[in-house]
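Data from my_file.json: JSON, C-alpha atoms
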[["chain", "number", "residue", "atom", "x", "y", "z"],
["I", 1355, "MET", "CA", 20.86, 2.08, -3.33],
["I", 1356, "ASN", "CA", 20.27, -1.69, -3.19],
["I", 1357, "ASP", "CA", 17.54, -2.61, -0.68],
["I", 1358, "ILE", "CA", 18.10, -6.38, -0.98],
["I", 1359, "ASN", "CA", 19.70, -7.58, 2.23],
["I", 1360, "LYS", "CA", 21.39, -10.95, 1.73],
["I", 1361, "ASP", "CA", 21.75, -11.23, 5.51],
["I", 1362, "ASN", "CA", 17.98, -11.43, 5.78],
["I", 1363, "LEU", "CA", 16.95, -14.47, 7.83],
["I", 1364, "ILE", "CA", 14.84, -15.90, 5.01],
["I", 1365, "PHE", "CA", 17.93, -16.29, 2.79],
["I", 1366, "LYS", "CA", 19.63, -18.24, 5.57],
["I", 1367, "ILE", "CA", 16.65, -20.53, 6.19],
["I", 1368, "LEU", "CA", 15.76, -21.41, 2.58],
["I", 1369, "PRO", "CA", 18.15, -23.14, 0.13],
["I", 1370, "SER", "CA", 20.11, -21.06, -2.37],
["I", 1371, "PHE", "CA", 18.15, -22.21, -5.44],
["I", 1372, "THR", "CA", 15.07, -20.45, -4.01],
["I", 1373, "HIS", "CA", 16.82, -17.10, -3.57],
["I", 1374, "PRO", "CA", 16.12, -15.75, -7.08],
["I", 1375, "PHE", "CA", 12.42, -16.53, -6.58],
["I", 1376, "ILE", "CA", 12.42, -14.94, -3.12],
["I", 1377, "THR", "CA", 13.91, -11.81, -4.61],
["I", 1378, "LEU", "CA", 11.49, -11.89, -7.52],
["I", 1379, "ILE", "CA", 8.35, -11.98, -5.37],
["I", 1380, "ARG", "CA", 9.89, -9.71, -2.70],
["I", 1381, "LEU", "CA", 9.33, -12.29, 0.05],
["I", 1382, "ASP", "CA", 12.36, -10.83, 1.83],
["I", 1383, "ARG", "CA", 10.67, -7.39, 1.86],
["I", 1384, "PRO", "CA", 7.12, -7.97, 3.12],
["I", 1385, "ILE", "CA", 6.34, -4.30, 3.77],
["I", 1386, "GLY", "CA", 4.99, -3.97, 0.20],
["I", 1387, "PHE", "CA", 2.27, -6.58, 0.48],
["I", 1388, "LEU", "CA", 1.48, -5.55, 4.04],
["I", 1389, "LEU", "CA", 0.73, -2.02, 2.81],
["I", 1390, "LEU", "CA", -1.49, -3.61, 0.16],
["I", 1391, "PHE", "CA", -3.27, -5.74, 2.78],
["I", 1392, "TYR", "CA", -4.03, -3.00, 5.32],
["I", 1393, "PRO", "CA", -6.62, -1.07, 3.23],
["I", 1394, "VAL", "CA", -8.81, -4.15, 2.79],
["I", 1395, "SER", "CA", -8.35, -5.09, 6.46],
["I", 1396, "PHE", "CA", -9.53, -1.62, 7.48],
["I", 1397, "ALA", "CA", -12.76, -2.16, 5.55],
["I", 1398, "ILE", "CA", -13.33, -5.70, 6.83],
["I", 1399, "VAL", "CA", -13.19, -4.66, 10.50],
["I", 1400, "SER", "CA", -14.99, -1.34, 9.95],
["I", 1401, "TYR", "CA", -18.48, -2.65, 10.64],
["I", 1402, "GLY", "CA", -20.15, -5.37, 12.69],
["I", 1403, "LYS", "CA", -19.01, -7.89, 15.24],
["I", 1404, "ILE", "CA", -15.61, -9.45, 14.63],
["I", 1405, "GLY", "CA", -15.96, -13.22, 14.32],
["I", 1406, "LEU", "CA", -14.92, -16.27, 12.31],
["I", 1407, "ASP", "CA", -16.12, -14.74, 9.03],
["I", 1408, "THR", "CA", -13.93, -11.73, 9.70],
["I", 1409, "LEU", "CA", -10.93, -13.97, 10.30],
["I", 1410, "LYS", "CA", -11.69, -15.97, 7.14],
["I", 1411, "TYR", "CA", -11.78, -12.83, 4.99],
["I", 1412, "LEU", "CA", -8.61, -11.46, 6.58],
["I", 1413, "ILE", "CA", -6.75, -14.67, 5.74],
["I", 1414, "ILE", "CA", -8.09, -14.74, 2.16],
["I", 1415, "PHE", "CA", -7.15, -11.12, 1.53],
["I", 1416, "PHE", "CA", -3.77, -11.49, 3.22],
["I", 1417, "ILE", "CA", -2.87, -14.26, 0.76],
["I", 1418, "GLY", "CA", -4.39, -12.22, -2.06],
["I", 1419, "ALA", "CA", -2.34, -9.16, -1.15],
["I", 1420, "PHE", "CA", 0.86, -11.19, -1.19],
["I", 1421, "VAL", "CA", 0.04, -12.77, -4.55],
["I", 1422, "MET", "CA", -1.03, -9.57, -6.29],
["I", 1423, "ARG", "CA", 1.84, -7.50, -4.94],
["I", 1424, "SER", "CA", 4.28, -10.14, -6.16],
["I", 1425, "ALA", "CA", 2.57, -10.20, -9.58],
["I", 1426, "GLY", "CA", 2.67, -6.41, -9.74],
["I", 1427, "CYS", "CA", 6.39, -6.38, -9.00],
["I", 1428, "ILE", "CA", 7.05, -8.90, -11.75],
["I", 1429, "ILE", "CA", 5.01, -6.85, -14.24],
["I", 1430, "ASN", "CA", 7.05, -3.82, -13.23],
["I", 1431, "ASP", "CA", 10.26, -5.82, -13.80],
["I", 1432, "ILE", "CA", 9.09, -6.84, -17.26],
["I", 1433, "PHE", "CA", 8.28, -3.27, -18.31],
["I", 1434, "ASP", "CA", 11.48, -1.93, -16.70],
["I", 1435, "ARG", "CA", 13.92, -4.58, -17.87],
["I", 1436, "ASN", "CA", 15.82, -1.94, -19.86],
["I", 1437, "ILE", "CA", 15.46, 0.81, -17.26],
["I", 1438, "ASP", "CA", 16.13, -1.14, -14.08],
["I", 1439, "LYS", "CA", 19.61, -2.22, -15.11],
["I", 1440, "LYS", "CA", 20.52, 1.48, -15.01],
["I", 1441, "VAL", "CA", 19.08, 1.90, -11.50],
["I", 1442, "ASP", "CA", 21.35, 0.37, -8.91],
["I", 1443, "ARG", "CA", 18.54, -0.24, -6.42],
["I", 1444, "THR", "CA", 16.60, -2.51, -8.78],
["I", 1445, "LYS", "CA", 19.07, -4.01, -11.23],
["I", 1446, "LEU", "CA", 19.22, -7.44, -9.50],
["I", 1447, "ARG", "CA", 15.57, -8.36, -10.02],
["I", 1448, "PRO", "CA", 14.85, -11.57, -11.95],
["I", 1449, "LEU", "CA", 11.69, -12.37, -13.97],
["I", 1450, "THR", "CA", 9.31, -15.39, -13.65],
["I", 1451, "LEU", "CA", 6.20, -16.88, -11.99],
["I", 1452, "LEU", "CA", 3.70, -14.28, -13.29],
["I", 1453, "LEU", "CA", 1.16, -16.68, -14.78],
["I", 1454, "ILE", "CA", 1.05, -18.86, -11.64],
["I", 1455, "LEU", "CA", 0.46, -15.82, -9.46],
["I", 1456, "PHE", "CA", -2.37, -14.59, -11.69],
["I", 1457, "ILE", "CA", -4.04, -18.01, -11.53],
["I", 1458, "ILE", "CA", -3.85, -18.02, -7.72],
["I", 1459, "GLY", "CA", -5.14, -14.45, -7.57],
["I", 1460, "PHE", "CA", -8.06, -15.24, -9.87],
["I", 1461, "TYR", "CA", -8.94, -18.33, -7.81],
["I", 1462, "ILE", "CA", -9.00, -16.24, -4.63],
["I", 1463, "LEU", "CA", -11.21, -13.66, -6.35],
["I", 1464, "THR", "CA", -13.74, -16.29, -7.44],
["I", 1465, "ASN", "CA", -14.27, -17.24, -3.78],
["I", 1466, "LEU", "CA", -15.75, -13.80, -3.07],
["I", 1467, "ASN", "CA", -19.20, -12.42, -3.85],
["I", 1468, "ILE", "CA", -20.15, -11.03, -7.26],
["I", 1469, "PRO", "CA", -19.63, -7.31, -6.44],
["I", 1470, "SER", "CA", -16.16, -8.12, -5.09],
["I", 1471, "ILE", "CA", -15.28, -10.06, -8.25],
["I", 1472, "ILE", "CA", -16.45, -7.17, -10.44],
["I", 1473, "LEU", "CA", -14.38, -4.64, -8.48],
["I", 1474, "GLY", "CA", -11.37, -6.95, -8.67],
["I", 1475, "LEU", "CA", -11.66, -7.23, -12.44],
["I", 1476, "VAL", "CA", -12.20, -3.48, -12.86],
["I", 1477, "ILE", "CA", -8.83, -2.64, -11.30],
["I", 1478, "SER", "CA", -6.90, -5.34, -13.21],
["I", 1479, "PRO", "CA", -6.00, -3.20, -16.26],
["I", 1480, "LEU", "CA", -4.48, -0.52, -14.02],
["I", 1481, "ILE", "CA", -2.36, -3.14, -12.23],
["I", 1482, "ILE", "CA", -0.92, -4.21, -15.58],
["I", 1483, "LEU", "CA", -0.47, -0.67, -16.94],
["I", 1484, "TYR", "CA", 0.86, 1.01, -13.77],
["I", 1485, "PRO", "CA", 4.57, 0.45, -14.64],
["I", 1486, "LEU", "CA", 4.03, 2.70, -17.66],
["I", 1487, "ALA", "CA", 2.67, 5.54, -15.53],
["I", 1488, "LYS", "CA", 6.07, 6.92, -14.58],
["I", 1489, "ARG", "CA", 6.88, 7.29, -18.28],
["I", 1490, "PHE", "CA", 3.69, 9.01, -19.40],
["I", 1491, "PHE", "CA", 1.88, 10.44, -16.34],
["I", 1492, "ILE", "CA", 3.18, 13.43, -14.40],
["I", 1493, "PHE", "CA", 1.95, 12.04, -11.05],
["I", 1494, "PRO", "CA", 2.45, 8.22, -11.14],
["I", 1495, "GLN", "CA", 2.10, 7.89, -7.36],
["I", 1496, "LEU", "CA", -1.59, 8.75, -7.76],
["I", 1497, "VAL", "CA", -2.06, 5.76, -10.05],
["I", 1498, "LEU", "CA", -0.23, 3.52, -7.59],
["I", 1499, "ALA", "CA", -2.37, 4.87, -4.73],
["I", 1500, "MET", "CA", -5.60, 4.15, -6.59],
["I", 1501, "ILE", "CA", -4.47, 0.55, -7.18],
["I", 1502, "TYR", "CA", -2.96, -0.12, -3.76],
["I", 1503, "ASN", "CA", -6.04, 0.98, -1.84],
["I", 1504, "TRP", "CA", -8.71, -0.47, -4.11],
["I", 1505, "GLY", "CA", -8.88, -3.37, -1.67],
["I", 1506, "CYS", "CA", -10.80, -1.27, 0.84],
["I", 1507, "LEU", "CA", -13.65, -1.02, -1.70],
["I", 1508, "ILE", "CA", -13.53, -4.78, -2.30],
["I", 1509, "GLY", "CA", -13.49, -5.46, 1.44],
["I", 1510, "TRP", "CA", -16.48, -3.15, 1.94],
["I", 1511, "VAL", "CA", -18.70, -5.00, -0.54],
["I", 1512, "THR", "CA", -17.41, -8.35, 0.73],
["I", 1513, "ILE", "CA", -18.76, -7.71, 4.23],
["I", 1514, "GLN", "CA", -21.95, -6.25, 2.69],
["I", 1515, "SER", "CA", -21.91, -3.19, 4.88],
["I", 1516, "PRO", "CA", -25.35, -1.56, 5.23],
["I", 1517, "TYR", "CA", -23.82, 1.92, 5.08],
["I", 1518, "GLU", "CA", -23.76, 3.97, 1.88],
["I", 1519, "PHE", "CA", -20.92, 3.30, -0.57],
["I", 1520, "SER", "CA", -20.01, 6.99, -0.22],
["I", 1521, "ASN", "CA", -18.80, 6.21, 3.31],
["I", 1522, "ILE", "CA", -16.08, 3.85, 2.12],
["I", 1523, "LEU", "CA", -15.06, 6.37, -0.54],
["I", 1524, "ILE", "CA", -14.00, 8.70, 2.28],
["I", 1525, "LEU", "CA", -11.65, 5.99, 3.58],
["I", 1526, "TYR", "CA", -10.47, 5.29, 0.04],
["I", 1527, "PHE", "CA", -9.49, 8.94, -0.50],
["I", 1528, "ALA", "CA", -7.73, 9.02, 2.89],
["I", 1529, "LEU", "CA", -5.70, 5.95, 1.97],
["I", 1530, "ILE", "CA", -4.86, 7.33, -1.48],
["I", 1531, "ILE", "CA", -3.29, 10.31, 0.27],
["I", 1532, "TRP", "CA", -1.48, 7.95, 2.66],
["I", 1533, "THR", "CA", 0.09, 6.03, -0.24],
["I", 1534, "ILE", "CA", 1.08, 9.22, -2.05],
["I", 1535, "VAL", "CA", 2.91, 10.34, 1.09],
["I", 1536, "TYR", "CA", 4.87, 7.17, 1.82],
["I", 1537, "ASP", "CA", 5.64, 6.41, -1.83],
["I", 1538, "THR", "CA", 6.77, 9.99, -2.49],
["I", 1539, "ILE", "CA", 9.20, 9.70, 0.40],
["I", 1540, "TYR", "CA", 10.31, 6.27, -0.87],
["I", 1541, "ALA", "CA", 10.78, 7.63, -4.42],
["I", 1542, "ILE", "CA", 13.19, 10.30, -3.21],
["I", 1543, "GLN", "CA", 15.83, 7.56, -3.27],
["I", 1544, "ASP", "CA", 15.52, 7.42, -7.06],
["I", 1545, "GLU", "CA", 15.08, 11.13, -7.74],
["I", 1546, "ILE", "CA", 18.46, 11.59, -9.45],
["I", 1547, "ASP", "CA", 18.03, 8.49, -11.63],
["I", 1548, "ASP", "CA", 14.46, 9.45, -12.55],
["I", 1549, "LYS", "CA", 15.57, 12.88, -13.71],
["I", 1550, "LYS", "CA", 18.41, 11.40, -15.77],
["I", 1551, "MET", "CA", 16.02, 9.01, -17.50],
["I", 1552, "LYS", "CA", 13.29, 11.66, -17.82],
["I", 1553, "LEU", "CA", 10.78, 9.68, -15.77],
["I", 1554, "TYR", "CA", 7.96, 11.24, -13.80],
["I", 1555, "SER", "CA", 7.38, 11.02, -10.04],
["I", 1556, "SER", "CA", 5.57, 12.94, -7.32],
["I", 1557, "VAL", "CA", 8.99, 13.94, -5.96],
["I", 1558, "ILE", "CA", 9.70, 15.83, -9.17],
["I", 1559, "PHE", "CA", 6.10, 17.10, -9.32],
["I", 1560, "PHE", "CA", 6.26, 18.65, -5.83],
["I", 1561, "GLY", "CA", 9.80, 19.93, -6.37],
["I", 1562, "LYS", "CA", 11.22, 22.16, -3.66],
["I", 1563, "ARG", "CA", 7.84, 22.32, -1.91],
["I", 1564, "ARG", "CA", 7.62, 18.58, -1.31],
["I", 1565, "PHE", "CA", 8.20, 18.84, 2.45],
["I", 1566, "GLN", "CA", 5.38, 21.36, 2.87],
["I", 1567, "ALA", "CA", 3.12, 19.34, 0.56],
["I", 1568, "LEU", "CA", 3.72, 16.15, 2.54],
["I", 1569, "ASN", "CA", 2.86, 17.88, 5.82],
["I", 1570, "ILE", "CA", -0.44, 19.09, 4.37],
["I", 1571, "LEU", "CA", -1.25, 15.67, 2.92],
["I", 1572, "ILE", "CA", -0.57, 13.90, 6.23],
["I", 1573, "ILE", "CA", -2.94, 16.25, 8.05],
["I", 1574, "LEU", "CA", -5.58, 15.78, 5.33],
["I", 1575, "LYS", "CA", -5.25, 12.01, 5.56],
["I", 1576, "TYR", "CA", -6.06, 11.94, 9.27],
["I", 1577, "ALA", "CA", -8.86, 14.47, 8.82],
["I", 1578, "LEU", "CA", -10.50, 12.16, 6.26],
["I", 1579, "LEU", "CA", -10.00, 9.14, 8.54],
["I", 1580, "SER", "CA", -11.84, 11.07, 11.24],
["I", 1581, "LEU", "CA", -14.62, 11.98, 8.80],
["I", 1582, "PHE", "CA", -14.94, 8.31, 7.86],
["I", 1583, "ALA", "CA", -15.22, 7.38, 11.53],
["I", 1584, "TYR", "CA", -17.81, 10.12, 12.08],
["I", 1585, "SER", "CA", -19.92, 8.82, 9.19],
["I", 1586, "LEU", "CA", -19.99, 5.38, 10.87],
["I", 1587, "ASN", "CA", -20.57, 6.76, 14.39],
["I", 1588, "TYR", "CA", -17.34, 5.42, 15.87],
["I", 1589, "HIS", "CA", -16.56, 5.61, 19.56],
["I", 1590, "PHE", "CA", -14.65, 8.70, 20.71],
["I", 1591, "ILE", "CA", -11.61, 6.57, 21.62],
["I", 1592, "PHE", "CA", -10.98, 6.26, 17.88],
["I", 1593, "TYR", "CA", -10.40, 10.01, 17.60],
["I", 1594, "ILE", "CA", -8.00, 10.03, 20.56],
["I", 1595, "ILE", "CA", -5.88, 7.32, 18.93],
["I", 1596, "ILE", "CA", -6.00, 8.93, 15.48],
["I", 1597, "PHE", "CA", -5.03, 12.37, 16.78],
["I", 1598, "SER", "CA", -2.11, 10.80, 18.66],
["I", 1599, "ILE", "CA", -0.88, 9.06, 15.49],
["I", 1600, "LEU", "CA", -1.15, 12.34, 13.58],
["I", 1601, "ILE", "CA", 1.15, 14.05, 16.08],
["I", 1602, "VAL", "CA", 3.64, 11.16, 16.01],
["I", 1603, "ASN", "CA", 3.58, 11.08, 12.19],
["I", 1604, "LEU", "CA", 4.31, 14.80, 11.94],
["I", 1605, "LEU", "CA", 7.11, 14.52, 14.49],
["I", 1606, "ASP", "CA", 8.46, 11.57, 12.52],
["I", 1607, "ILE", "CA", 8.91, 13.45, 9.25],
["I", 1608, "HIS", "CA", 10.32, 16.51, 11.02],
["I", 1609, "LEU", "CA", 12.67, 14.83, 13.49],
["I", 1610, "LYS", "CA", 13.52, 11.43, 11.97],
["I", 1611, "TRP", "CA", 13.02, 11.62, 8.21],
["I", 1612, "ARG", "CA", 13.95, 15.32, 7.92],
["I", 1613, "ASN", "CA", 13.52, 15.37, 4.14],
["I", 1614, "LEU", "CA", 16.69, 13.29, 3.68],
["I", 1615, "PRO", "CA", 16.92, 10.54, 1.02],
["I", 1616, "GLU", "CA", 19.04, 8.33, 3.28],
["I", 1617, "ASN", "CA", 16.20, 8.27, 5.83],
["I", 1618, "SER", "CA", 13.46, 7.53, 3.30],
["I", 1619, "LEU", "CA", 13.49, 3.74, 3.36],
["I", 1620, "ALA", "CA", 13.25, 3.65, 7.15],
["I", 1621, "TYR", "CA", 10.24, 6.01, 7.07],
["I", 1622, "PHE", "CA", 8.61, 3.89, 4.38],
["I", 1623, "LYS", "CA", 8.93, 0.80, 6.59],
["I", 1624, "ARG", "CA", 7.57, 2.62, 9.65],
["I", 1625, "ASN", "CA", 4.26, 2.94, 7.83],
["I", 1626, "ASN", "CA", 3.68, -0.66, 8.82],
["I", 1627, "HIS", "CA", 3.49, 0.55, 12.44],
["I", 1628, "TYR", "CA", 1.15, 3.43, 11.56],
["I", 1629, "ALA", "CA", -1.13, 1.06, 9.66],
["I", 1630, "LEU", "CA", -1.27, -1.40, 12.57],
["I", 1631, "ILE", "CA", -2.35, 1.37, 14.93],
["I", 1632, "ILE", "CA", -4.96, 2.62, 12.45],
["I", 1633, "LEU", "CA", -6.29, -0.94, 12.14],
["I", 1634, "PHE", "CA", -6.47, -1.17, 15.92],
["I", 1635, "SER", "CA", -8.24, 2.21, 16.16],
["I", 1636, "ILE", "CA", -10.86, 1.16, 13.58],
["I", 1637, "MET", "CA", -11.48, -2.08, 15.47],
["I", 1638, "ILE", "CA", -11.87, -0.19, 18.74],
["I", 1639, "GLY", "CA", -14.02, 2.54, 17.25],
["I", 1640, "SER", "CA", -16.38, 0.14, 15.48],
["I", 1641, "GLN", "CA", -16.60, -2.55, 18.18],
["I", 1642, "LEU", "CA", -17.31, -0.20, 21.07],
["I", 1643, "ASN", "CA", -20.23, 1.16, 19.08],
["I", 1644, "VAL", "CA", -21.77, -2.22, 18.22]]

What's the structure tokens form of this structure?
Amino acid sequence: MNDINKDNLIFKILPSFTHPFITLIRLDRPIGFLLLFYPVSFAIVSYGKIGLDTLKYLIIFFIGAFVMRSAGCIINDIFDRNIDKKVDRTKLRPLTLLLILFIIGFYILTNLNIPSIILGLVISPLIILYPLAKRFFIFPQLVLAMIYNWGCLIGWVTIQSPYEFSNILILYFALIIWTIVYDTIYAIQDEIDDKKMKLYSSVIFFGKRRFQALNILIILKYALLSLFAYSLNYHFIFYIIIFSILIVNLLDIHLKWRNLPENSLAYFKRNNHYALIILFSIMIGSQLNV
């Protein structure tokens, strides 16, 4: 399945010579870097009054999420240059720009405080090595989830929250589960190809019980989000919103996704909506308690 839509507005607006670069950095498919941005945004708005500093950090991390997601995709292309040509969904990806993206990412990192820089450097090896996970690790989605949500830890130390670091770990674990869920559903599109090439994925790991496993993980995710909110004394409105999203999310996978590969991409994209509502609920829960 090829998820590159040449009718996308961005291809019509920008000249044709830019199209290979747009495809390379996935500018036509922003859901990837948005899902990378949300974890850090959750942490940034989780404590204290929202002001100009909050906006500054959100802008910095938004750019950072775009840059690092693009770099990660290119690294994946480099490692998979022999595999991807066998997978119809990914065989059109070109390779370039990696060094420039790393320079921009490093510059953004140096504008943060020392703990944030340290955390950013700590996760760097995993970003580079992640493309190998599906070849050697039985549950590669876990590695992806650890990388994709590391930003919430960086955001937490950036705002210098007075709460214990163990509090943000609760959110981190909740978001790891979130990523495992949406990327497992996304990976169902490649299940047949992965089996042919003897690659690992959570889809293969869960096997016939994947639907039951995903239901349990979704419930656990929202339970941990509630525990995180409880540890920070959030307003009760947070719990009303979160419980409502839980119900909608469960209805979504039962009535819209229905464990069907052809519905997987649409579910993956809908996680942008879930993340926006979670961001809103954290803002409400934290601000009404300030």

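CA of Leu1496 (chain I) is positioned 20.5 Å from CA of Ile1607 (chain I).
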
Query raised in the report: Could you list as a PyMOL selection string every residue that has an atom within 10 Å of (9.5, 9.9, 10.3), using the file's coordinates and counting all atoms listed in the file?
Result: chain I and resi 1539+1602-1613+1617-1618+1620-1625

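If you measure from each of I:Leu1453, I:Leu1406, I:Val1511, I:Met1500 to Ile1468 (chain I) using only C-alpha atoms, the closest one turns out to be I:Val1511.
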
Counting all atoms listed in the file, what are the residues of region 1411-1433 of chain I within 9 Å of region 1456-1466 of chain I, and for each of them which pair of atoms is the nearest and at what distance in Å, to one decimal? Sort the table by chain and rising number, as a tab-separated table.
residue	atom	partner	partner_atom	distance
I:Ile1414	CA	I:Ile1462	CA	7.0
I:Phe1415	CA	I:Ile1462	CA	8.2
I:Ile1417	CA	I:Ile1462	CA	8.4
I:Gly1418	CA	I:Gly1459	CA	6.0
I:Ala1419	CA	I:Gly1459	CA	8.8
I:Val1421	CA	I:Gly1459	CA	6.2
I:Met1422	CA	I:Gly1459	CA	6.5
I:Ala1425	CA	I:Phe1456	CA	6.9

Requested in this report: Measuring atom to atom with all atoms listed in the file, identify which of I:Leu1390, I:Ile1508, I:Asn1467, I:Tyr1554 is nearest to Phe1493 (chain I).
Outcome: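 Nearest to Phe1493 (chain I): I:Tyr1554.
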
Within 12 Å of region 1558-1578 of chain I, which residues of region 1495-1547 of chain I show up? Give each one with its shortest atom-to-atom distance in Å (one decimal) and the two atoms involved, counting only C-alpha atoms, rows by chain then rising residue number, as JSON lines.
{"residue": "I:Gln1495", "atom": "CA", "partner": "I:Phe1559", "partner_atom": "CA", "distance": 10.2}
{"residue": "I:Leu1496", "atom": "CA", "partner": "I:Phe1559", "partner_atom": "CA", "distance": 11.5}
{"residue": "I:Asn1521", "atom": "CA", "partner": "I:Leu1578", "partner_atom": "CA", "distance": 10.6}
{"residue": "I:Ile1522", "atom": "CA", "partner": "I:Leu1578", "partner_atom": "CA", "distance": 10.8}
{"residue": "I:Leu1523", "atom": "CA", "partner": "I:Leu1578", "partner_atom": "CA", "distance": 10.0}
{"residue": "I:Ile1524", "atom": "CA", "partner": "I:Leu1578", "partner_atom": "CA", "distance": 6.3}
{"residue": "I:Leu1525", "atom": "CA", "partner": "I:Leu1578", "partner_atom": "CA", "distance": 6.8}
{"residue": "I:Tyr1526", "atom": "CA", "partner": "I:Leu1578", "partner_atom": "CA", "distance": 9.3}
{"residue": "I:Phe1527", "atom": "CA", "partner": "I:Leu1578", "partner_atom": "CA", "distance": 7.6}
{"residue": "I:Ala1528", "atom": "CA", "partner": "I:Lys1575", "partner_atom": "CA", "distance": 4.7}
{"residue": "I:Leu1529", "atom": "CA", "partner": "I:Lys1575", "partner_atom": "CA", "distance": 7.1}
{"residue": "I:Ile1530", "atom": "CA", "partner": "I:Lys1575", "partner_atom": "CA", "distance": 8.5}
{"residue": "I:Ile1531", "atom": "CA", "partner": "I:Lys1575", "partner_atom": "CA", "distance": 5.9}
{"residue": "I:Trp1532", "atom": "CA", "partner": "I:Lys1575", "partner_atom": "CA", "distance": 6.3}
{"residue": "I:Thr1533", "atom": "CA", "partner": "I:Lys1575", "partner_atom": "CA", "distance": 9.9}
{"residue": "I:Ile1534", "atom": "CA", "partner": "I:Leu1571", "partner_atom": "CA", "distance": 8.5}
{"residue": "I:Val1535", "atom": "CA", "partner": "I:Leu1568", "partner_atom": "CA", "distance": 6.0}
{"residue": "I:Tyr1536", "atom": "CA", "partner": "I:Leu1568", "partner_atom": "CA", "distance": 9.1}
{"residue": "I:Asp1537", "atom": "CA", "partner": "I:Leu1568", "partner_atom": "CA", "distance": 10.8}
{"residue": "I:Thr1538", "atom": "CA", "partner": "I:Leu1568", "partner_atom": "CA", "distance": 8.5}
{"residue": "I:Ile1539", "atom": "CA", "partner": "I:Leu1568", "partner_atom": "CA", "distance": 8.7}
{"residue": "I:Ala1541", "atom": "CA", "partner": "I:Ile1558", "partner_atom": "CA", "distance": 9.5}
{"residue": "I:Ile1542", "atom": "CA", "partner": "I:Ile1558", "partner_atom": "CA", "distance": 8.8}
{"residue": "I:Gln1543", "atom": "CA", "partner": "I:Ile1558", "partner_atom": "CA", "distance": 11.9}
{"residue": "I:Asp1544", "atom": "CA", "partner": "I:Ile1558", "partner_atom": "CA", "distance": 10.4}
{"residue": "I:Glu1545", "atom": "CA", "partner": "I:Ile1558", "partner_atom": "CA", "distance": 7.3}
{"residue": "I:Ile1546", "atom": "CA", "partner": "I:Ile1558", "partner_atom": "CA", "distance": 9.7}
{"residue": "I:Asp1547", "atom": "CA", "partner": "I:Ile1558", "partner_atom": "CA", "distance": 11.4}

Any chance you could export the current selection's C-alpha atoms as a short mmCIF file (atom, residue, chain, number, x, y, z; two decimals), in the frame of the given file?
data_model
loop_
_atom_site.label_atom_id
_atom_site.label_comp_id
_atom_site.auth_asym_id
_atom_site.auth_seq_id
_atom_site.Cartn_x
_atom_site.Cartn_y
_atom_site.Cartn_z
CA GLN I 1495 2.10 7.89 -7.36
CA LEU I 1496 -1.59 8.75 -7.76
CA ASN I 1521 -18.80 6.21 3.31
CA ILE I 1522 -16.08 3.85 2.12
CA LEU I 1523 -15.06 6.37 -0.54
CA ILE I 1524 -14.00 8.70 2.28
CA LEU I 1525 -11.65 5.99 3.58
CA TYR I 1526 -10.47 5.29 0.04
CA PHE I 1527 -9.49 8.94 -0.50
CA ALA I 1528 -7.73 9.02 2.89
CA LEU I 1529 -5.70 5.95 1.97
CA ILE I 1530 -4.86 7.33 -1.48
CA ILE I 1531 -3.29 10.31 0.27
CA TRP I 1532 -1.48 7.95 2.66
CA THR I 1533 0.09 6.03 -0.24
CA ILE I 1534 1.08 9.22 -2.05
CA VAL I 1535 2.91 10.34 1.09
CA TYR I 1536 4.87 7.17 1.82
CA ASP I 1537 5.64 6.41 -1.83
CA THR I 1538 6.77 9.99 -2.49
CA ILE I 1539 9.20 9.70 0.40
CA ALA I 1541 10.78 7.63 -4.42
CA ILE I 1542 13.19 10.30 -3.21
CA GLN I 1543 15.83 7.56 -3.27
CA ASP I 1544 15.52 7.42 -7.06
CA GLU I 1545 15.08 11.13 -7.74
CA ILE I 1546 18.46 11.59 -9.45
CA ASP I 1547 18.03 8.49 -11.63
#

Reconstructed region 1515-1523 of chain I, atom set N, CA and C atoms, as a JSON list (two decimals), keeping the file's coordinate frame:
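Output saved as rebuild_5.json:
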[["chain", "number", "residue", "atom", "x", "y", "z"],
["I", 1515, "SER", "N", -21.59, -4.23, 3.91],
["I", 1515, "SER", "CA", -21.91, -3.19, 4.88],
["I", 1515, "SER", "C", -23.22, -2.49, 4.52],
["I", 1516, "PRO", "N", -24.07, -2.22, 5.51],
["I", 1516, "PRO", "CA", -25.35, -1.56, 5.23],
["I", 1516, "PRO", "C", -25.22, -0.05, 5.01],
["I", 1517, "TYR", "N", -24.03, 0.48, 5.27],
["I", 1517, "TYR", "CA", -23.82, 1.92, 5.08],
["I", 1517, "TYR", "C", -23.70, 2.24, 3.58],
["I", 1518, "GLU", "N", -23.86, 3.53, 3.26],
["I", 1518, "GLU", "CA", -23.76, 3.97, 1.88],
["I", 1518, "GLU", "C", -22.33, 3.75, 1.36],
["I", 1519, "PHE", "N", -22.23, 3.49, 0.04],
["I", 1519, "PHE", "CA", -20.92, 3.30, -0.57],
["I", 1519, "PHE", "C", -20.08, 4.57, -0.46],
["I", 1520, "SER", "N", -20.73, 5.72, -0.36],
["I", 1520, "SER", "CA", -20.01, 6.99, -0.22],
["I", 1520, "SER", "C", -19.17, 7.03, 1.05],
["I", 1521, "ASN", "N", -19.57, 6.25, 2.06],
["I", 1521, "ASN", "CA", -18.80, 6.21, 3.31],
["I", 1521, "ASN", "C", -17.41, 5.61, 3.09],
["I", 1522, "ILE", "N", -17.37, 4.50, 2.34],
["I", 1522, "ILE", "CA", -16.08, 3.85, 2.12],
["I", 1522, "ILE", "C", -15.21, 4.68, 1.17],
["I", 1523, "LEU", "N", -15.84, 5.51, 0.34],
["I", 1523, "LEU", "CA", -15.06, 6.37, -0.54],
["I", 1523, "LEU", "C", -14.24, 7.37, 0.26]]
